[in-house]
Amino acid sequence: MRFSNFLQLSLLTSTTAATASDQAAQEPIHHRLPQRPPPGHLPVMMPAPADDQVQPAVLLIDILGTQRSLTTFFSFSRMHEDTSEPLGDANTNTTVLAPNNIVIEDLPRKPWENPSDYDALGSQAYDGSGGKDRADENLRKFVQAHLVIGTSPWEAGAKVKTAAGTTIWWEAKKDDSGDEKRVIMPDGVEVDRVASRVANGEVWILKGVLNYA
C-alpha cells in the first residue's frame with residue numbers, strides 16, 4: 001500500500017470535522033438560531049481573548065484541533081505518542097511551531113519523504129509495509145522538528161532544542177514597511193502570528209517549515 005493512501009486515512013478525522021461544519025452551514029437558518037432567553041434573562045456574551053491573553057483552562061491539544069489552518073499538522077502530531085503527549089501535558093510548557101496547511105501542501109519534498117530513502121531504495125521506497133514504516137518515522141521527525149518541549153514563553157535570542165534535537169532561536173526583525181516580525185533562526189522562517197496562548201504553551205503559525213531532514 002502506498003503511503004499516500006495511508007495518509008488519507010490518517011486525515012479522515014480532520015476531514016470529517018470540516019464536513020460536519022459545512023453541513024451545519026447548509027441547515028435552514030432557523031434551525032441554527034439560539035433559543036430566545038426566558039423573560040428577564042439576557043444572553044451573556046463572552047469577549048474574544050486578546051492576542052496576548054492566556055487561556056488558562058485550555059491545553060495545546062484542545063486549541064490545535066480548533067485551528068482550521070493547522071489541521072494537517074495537527075493530524076501528523078497525533079500519530080505518535082511522543083509528539084501528541086506533550087500537547088496534552090498540563091505540567092510541561094511547549095511552543096508549537098506549526099506550518100499551515102498550504103505551506104505543507106506546497107512542499108517540494110513531502111513530510112514523509114527523505115532523500116536518503118530514495119537514494120537507497122529508489123522510487124519504491126514507500127511501497128508496502130516497510131515503506132509505510134519509513135514514511136511514518138519521517139512524519140514523526142517532521143513534527144518533532146516543530147516542537148520546542150519544555151519552553152514557553154520563548155524569549156527572543158534564547159537558543160533552545162527542538163524535540164528533534166536541532167538548536168534554534170528567534171529574532172525580531174523589521175520588514176520593508178517597518179513592521180516587526182519574528183524570524184526563526186538559523187533557517188530564517190518567518191512567523192505569521194502567535195495564534196494562541198494557553199495553559200501549557202503557545203501555538204505559532206509559520207510561513208515555512210524548519211529543517212526536518
# chains A, B, ... in the order shown; residues from 1 in each chain; ligands from 1
$ closest_atom_pairs --of "range 114-156 of chain A" --to "range 86-97 of chain A" --cutoff "10 Å" --atoms "only C-alpha atoms" --output "tab-separated table"
residue	atom	partner	partner_atom	distance
A:Val143	CA	A:Leu97	CA	9.1
A:Gln144	CA	A:Val96	CA	9.7
A:Ala145	CA	A:Leu97	CA	8.6
A:His146	CA	A:Leu97	CA	4.9
A:Leu147	CA	A:Val96	CA	5.0
A:Val148	CA	A:Thr95	CA	5.0
A:Ile149	CA	A:Thr94	CA	4.4
A:Gly150	CA	A:Asn93	CA	5.0
A:Thr151	CA	A:Thr94	CA	5.3
A:Ser152	CA	A:Asn93	CA	5.4
A:Pro153	CA	A:Thr95	CA	7.4
A:Trp154	CA	A:Thr95	CA	7.4
$ residues_around --residues "Asn101 in chain A" --least-positions-apart "6" --cutoff "6 Å" --atoms "only C-alpha atoms" --output "list of chain:residue names"
A:Ser69, A:Leu70, A:Thr72
$ residues_around --residues "Ala164 in chain A" --least-positions-apart "2" --cutoff "12 Å" --atoms "only C-alpha atoms" --output "count of residues only"
25
$ atom_distance --atom1 "CA of Asp119 in chain A" --atom2 "CA of Ala135 in chain A"
14.6 Å
$ closest_residue --among "A:Leu206, A:Leu121, A:Ile102, A:Ala199" --to "Asp62 in chain A" --atoms "only C-alpha atoms"
A:Ala199
$ atom_distance --atom1 "CA of Phe76 in chain A" --atom2 "CA of Glu202 in chain A"
17.9 Å
$ select_by_dssp --residues "range 14-212 of chain A" --states "alpha helix (DSSP H)" --output "JSON, numbers by chain"
{"A": [14, 15, 16, 17, 18, 19, 20, 21, 22, 23, 24, 25, 26, 29, 30, 31, 32, 60, 61, 62, 63, 64, 71, 72, 73, 74, 75, 76, 77, 81, 82, 83, 84, 101, 102, 103, 104, 105, 115, 116, 117, 118, 119, 120, 121, 128, 129, 130, 131, 132, 133, 134, 135, 136, 137, 138, 139, 140, 141, 142, 143, 144]}
$ residues_around --residues "Val103 in chain A" --least-positions-apart "5" --cutoff "9 Å" --atoms "only C-alpha atoms" --output "list in words"
Leu206, Lys207, Gly208 and Val209 of chain A
$ write_last_selection --atoms "N, CA and C atoms" --output "mmCIF file, in the first residue's frame"
data_model
loop_
_atom_site.group_PDB
_atom_site.id
_atom_site.type_symbol
_atom_site.label_atom_id
_atom_site.label_comp_id
_atom_site.auth_asym_id
_atom_site.auth_seq_id
_atom_site.Cartn_x
_atom_site.Cartn_y
_atom_site.Cartn_z
ATOM 1 N N LEU A 206 3.621 29.247 11.219
ATOM 2 C CA LEU A 206 4.786 29.582 10.402
ATOM 3 C C LEU A 206 4.422 29.755 8.935
ATOM 4 N N LYS A 207 5.236 30.572 8.257
ATOM 5 C CA LYS A 207 5.082 30.757 6.811
ATOM 6 C C LYS A 207 5.968 29.800 6.020
ATOM 7 N N GLY A 208 6.644 28.921 6.708
ATOM 8 C CA GLY A 208 7.506 27.931 6.065
ATOM 9 C C GLY A 208 7.690 26.760 7.000
ATOM 10 N N VAL A 209 8.641 25.894 6.693
ATOM 11 C CA VAL A 209 8.930 24.756 7.566
ATOM 12 C C VAL A 209 10.381 24.823 8.015
#
$ decode --residues "range 88-197 of chain A" --atoms "C-alpha atoms" --output "mmCIF file, in the first residue's frame"
data_model
loop_
_atom_site.group_PDB
_atom_site.id
_atom_site.type_symbol
_atom_site.label_atom_id
_atom_site.label_comp_id
_atom_site.auth_asym_id
_atom_site.auth_seq_id
_atom_site.Cartn_x
_atom_site.Cartn_y
_atom_site.Cartn_z
ATOM 1 C CA GLY A 88 -1.944 17.381 26.453
ATOM 2 C CA ASP A 89 0.529 17.619 29.341
ATOM 3 C CA ALA A 90 -0.608 20.349 31.723
ATOM 4 C CA ASN A 91 2.700 20.200 33.613
ATOM 5 C CA THR A 92 5.045 20.877 30.685
ATOM 6 C CA ASN A 93 5.005 24.026 28.575
ATOM 7 C CA THR A 94 5.633 23.633 24.848
ATOM 8 C CA THR A 95 5.964 26.029 21.935
ATOM 9 C CA VAL A 96 4.323 24.587 18.820
ATOM 10 C CA LEU A 97 5.818 25.929 15.580
ATOM 11 C CA ALA A 98 3.119 24.827 13.171
ATOM 12 C CA PRO A 99 3.310 25.297 9.396
ATOM 13 C CA ASN A 100 -0.140 25.927 7.984
ATOM 14 C CA ASN A 101 -1.932 23.569 5.607
ATOM 15 C CA ILE A 102 -0.952 25.455 2.447
ATOM 16 C CA VAL A 103 2.736 25.512 3.378
ATOM 17 C CA ILE A 104 2.759 21.739 3.904
ATOM 18 C CA GLU A 105 0.780 21.084 0.731
ATOM 19 C CA ASP A 106 3.207 23.146 -1.369
ATOM 20 C CA LEU A 107 6.375 21.457 -0.096
ATOM 21 C CA PRO A 108 8.502 20.054 -2.940
ATOM 22 C CA ARG A 109 9.506 17.241 -0.581
ATOM 23 C CA LYS A 110 6.612 15.935 1.454
ATOM 24 C CA PRO A 111 6.982 15.488 5.224
ATOM 25 C CA TRP A 112 7.066 11.695 4.922
ATOM 26 C CA GLU A 113 9.806 11.719 2.287
ATOM 27 C CA ASN A 114 13.546 11.532 2.871
ATOM 28 C CA PRO A 115 16.046 11.797 0.005
ATOM 29 C CA SER A 116 18.212 9.105 1.586
ATOM 30 C CA ASP A 117 15.325 6.629 1.301
ATOM 31 C CA TYR A 118 15.078 7.275 -2.427
ATOM 32 C CA ASP A 119 18.856 7.035 -2.800
ATOM 33 C CA ALA A 120 18.869 3.635 -1.120
ATOM 34 C CA LEU A 121 15.616 2.144 -2.421
ATOM 35 C CA GLY A 122 14.599 4.103 -5.493
ATOM 36 C CA SER A 123 11.042 5.029 -6.418
ATOM 37 C CA GLN A 124 9.641 2.080 -4.433
ATOM 38 C CA ALA A 125 10.940 3.475 -1.131
ATOM 39 C CA TYR A 126 7.468 3.948 0.316
ATOM 40 C CA ASP A 127 5.690 0.906 -1.082
ATOM 41 C CA GLY A 128 4.495 -1.943 1.111
ATOM 42 C CA SER A 129 4.619 -2.256 4.882
ATOM 43 C CA GLY A 130 8.301 -1.355 5.028
ATOM 44 C CA GLY A 131 7.620 1.804 3.068
ATOM 45 C CA LYS A 132 4.810 2.732 5.416
ATOM 46 C CA ASP A 133 7.127 2.326 8.407
ATOM 47 C CA ARG A 134 9.764 4.557 6.811
ATOM 48 C CA ALA A 135 7.213 7.222 5.931
ATOM 49 C CA ASP A 136 5.700 7.032 9.403
ATOM 50 C CA GLU A 137 9.093 7.611 11.019
ATOM 51 C CA ASN A 138 9.795 10.550 8.711
ATOM 52 C CA LEU A 139 6.489 12.125 9.729
ATOM 53 C CA ARG A 140 7.403 11.748 13.386
ATOM 54 C CA LYS A 141 10.696 13.580 12.769
ATOM 55 C CA PHE A 142 8.864 16.318 10.861
ATOM 56 C CA VAL A 143 6.599 17.050 13.824
ATOM 57 C CA GLN A 144 9.474 16.809 16.315
ATOM 58 C CA ALA A 145 11.356 19.461 14.326
ATOM 59 C CA HIS A 146 8.473 21.847 15.048
ATOM 60 C CA LEU A 147 8.023 21.248 18.789
ATOM 61 C CA VAL A 148 10.005 23.035 21.498
ATOM 62 C CA ILE A 149 9.103 20.955 24.533
ATOM 63 C CA GLY A 150 9.764 22.491 27.937
ATOM 64 C CA THR A 151 9.988 26.094 26.726
ATOM 65 C CA SER A 152 7.126 28.602 26.697
ATOM 66 C CA PRO A 153 7.126 31.547 26.765
ATOM 67 C CA TRP A 154 10.137 31.581 24.456
ATOM 68 C CA GLU A 155 12.203 34.749 24.637
ATOM 69 C CA ALA A 156 13.933 36.336 21.650
ATOM 70 C CA GLY A 157 17.519 35.171 21.212
ATOM 71 C CA ALA A 158 17.154 32.224 23.591
ATOM 72 C CA LYS A 159 18.648 29.129 21.980
ATOM 73 C CA VAL A 160 16.569 26.008 22.518
ATOM 74 C CA LYS A 161 16.448 22.478 21.172
ATOM 75 C CA THR A 162 13.503 21.070 19.289
ATOM 76 C CA ALA A 163 12.205 17.580 20.030
ATOM 77 C CA ALA A 164 14.261 16.508 17.006
ATOM 78 C CA GLY A 165 17.434 17.750 18.712
ATOM 79 C CA THR A 166 18.172 20.758 16.496
ATOM 80 C CA THR A 167 19.161 24.111 18.014
ATOM 81 C CA ILE A 168 17.015 27.091 17.041
ATOM 82 C CA TRP A 169 16.280 30.615 18.237
ATOM 83 C CA TRP A 170 14.214 33.544 17.020
ATOM 84 C CA GLU A 171 14.969 37.164 16.268
ATOM 85 C CA ALA A 172 12.756 40.225 15.938
ATOM 86 C CA LYS A 173 13.248 41.905 12.564
ATOM 87 C CA LYS A 174 11.508 44.693 10.691
ATOM 88 C CA ASP A 175 10.121 44.256 7.200
ATOM 89 C CA ASP A 176 10.100 46.859 4.423
ATOM 90 C CA SER A 177 7.039 48.500 5.973
ATOM 91 C CA GLY A 178 8.738 48.866 9.324
ATOM 92 C CA ASP A 179 6.535 46.256 10.978
ATOM 93 C CA GLU A 180 8.259 43.939 13.424
ATOM 94 C CA LYS A 181 8.179 40.224 12.720
ATOM 95 C CA ARG A 182 9.580 37.102 14.336
ATOM 96 C CA VAL A 183 12.043 35.027 12.338
ATOM 97 C CA ILE A 184 13.160 31.585 13.471
ATOM 98 C CA MET A 185 16.857 31.003 13.011
ATOM 99 C CA PRO A 186 19.044 29.591 11.599
ATOM 100 C CA ASP A 187 16.506 28.587 8.917
ATOM 101 C CA GLY A 188 15.140 32.124 8.515
ATOM 102 C CA VAL A 189 11.485 31.043 8.681
ATOM 103 C CA GLU A 190 9.064 33.881 9.352
ATOM 104 C CA VAL A 191 6.332 33.552 11.954
ATOM 105 C CA ASP A 192 2.953 34.555 10.564
ATOM 106 C CA ARG A 193 1.480 35.094 14.026
ATOM 107 C CA VAL A 194 1.191 33.718 17.527
ATOM 108 C CA ALA A 195 -2.237 32.152 17.224
ATOM 109 C CA SER A 196 -2.872 31.028 20.803
ATOM 110 C CA ARG A 197 -1.519 31.253 24.318
#
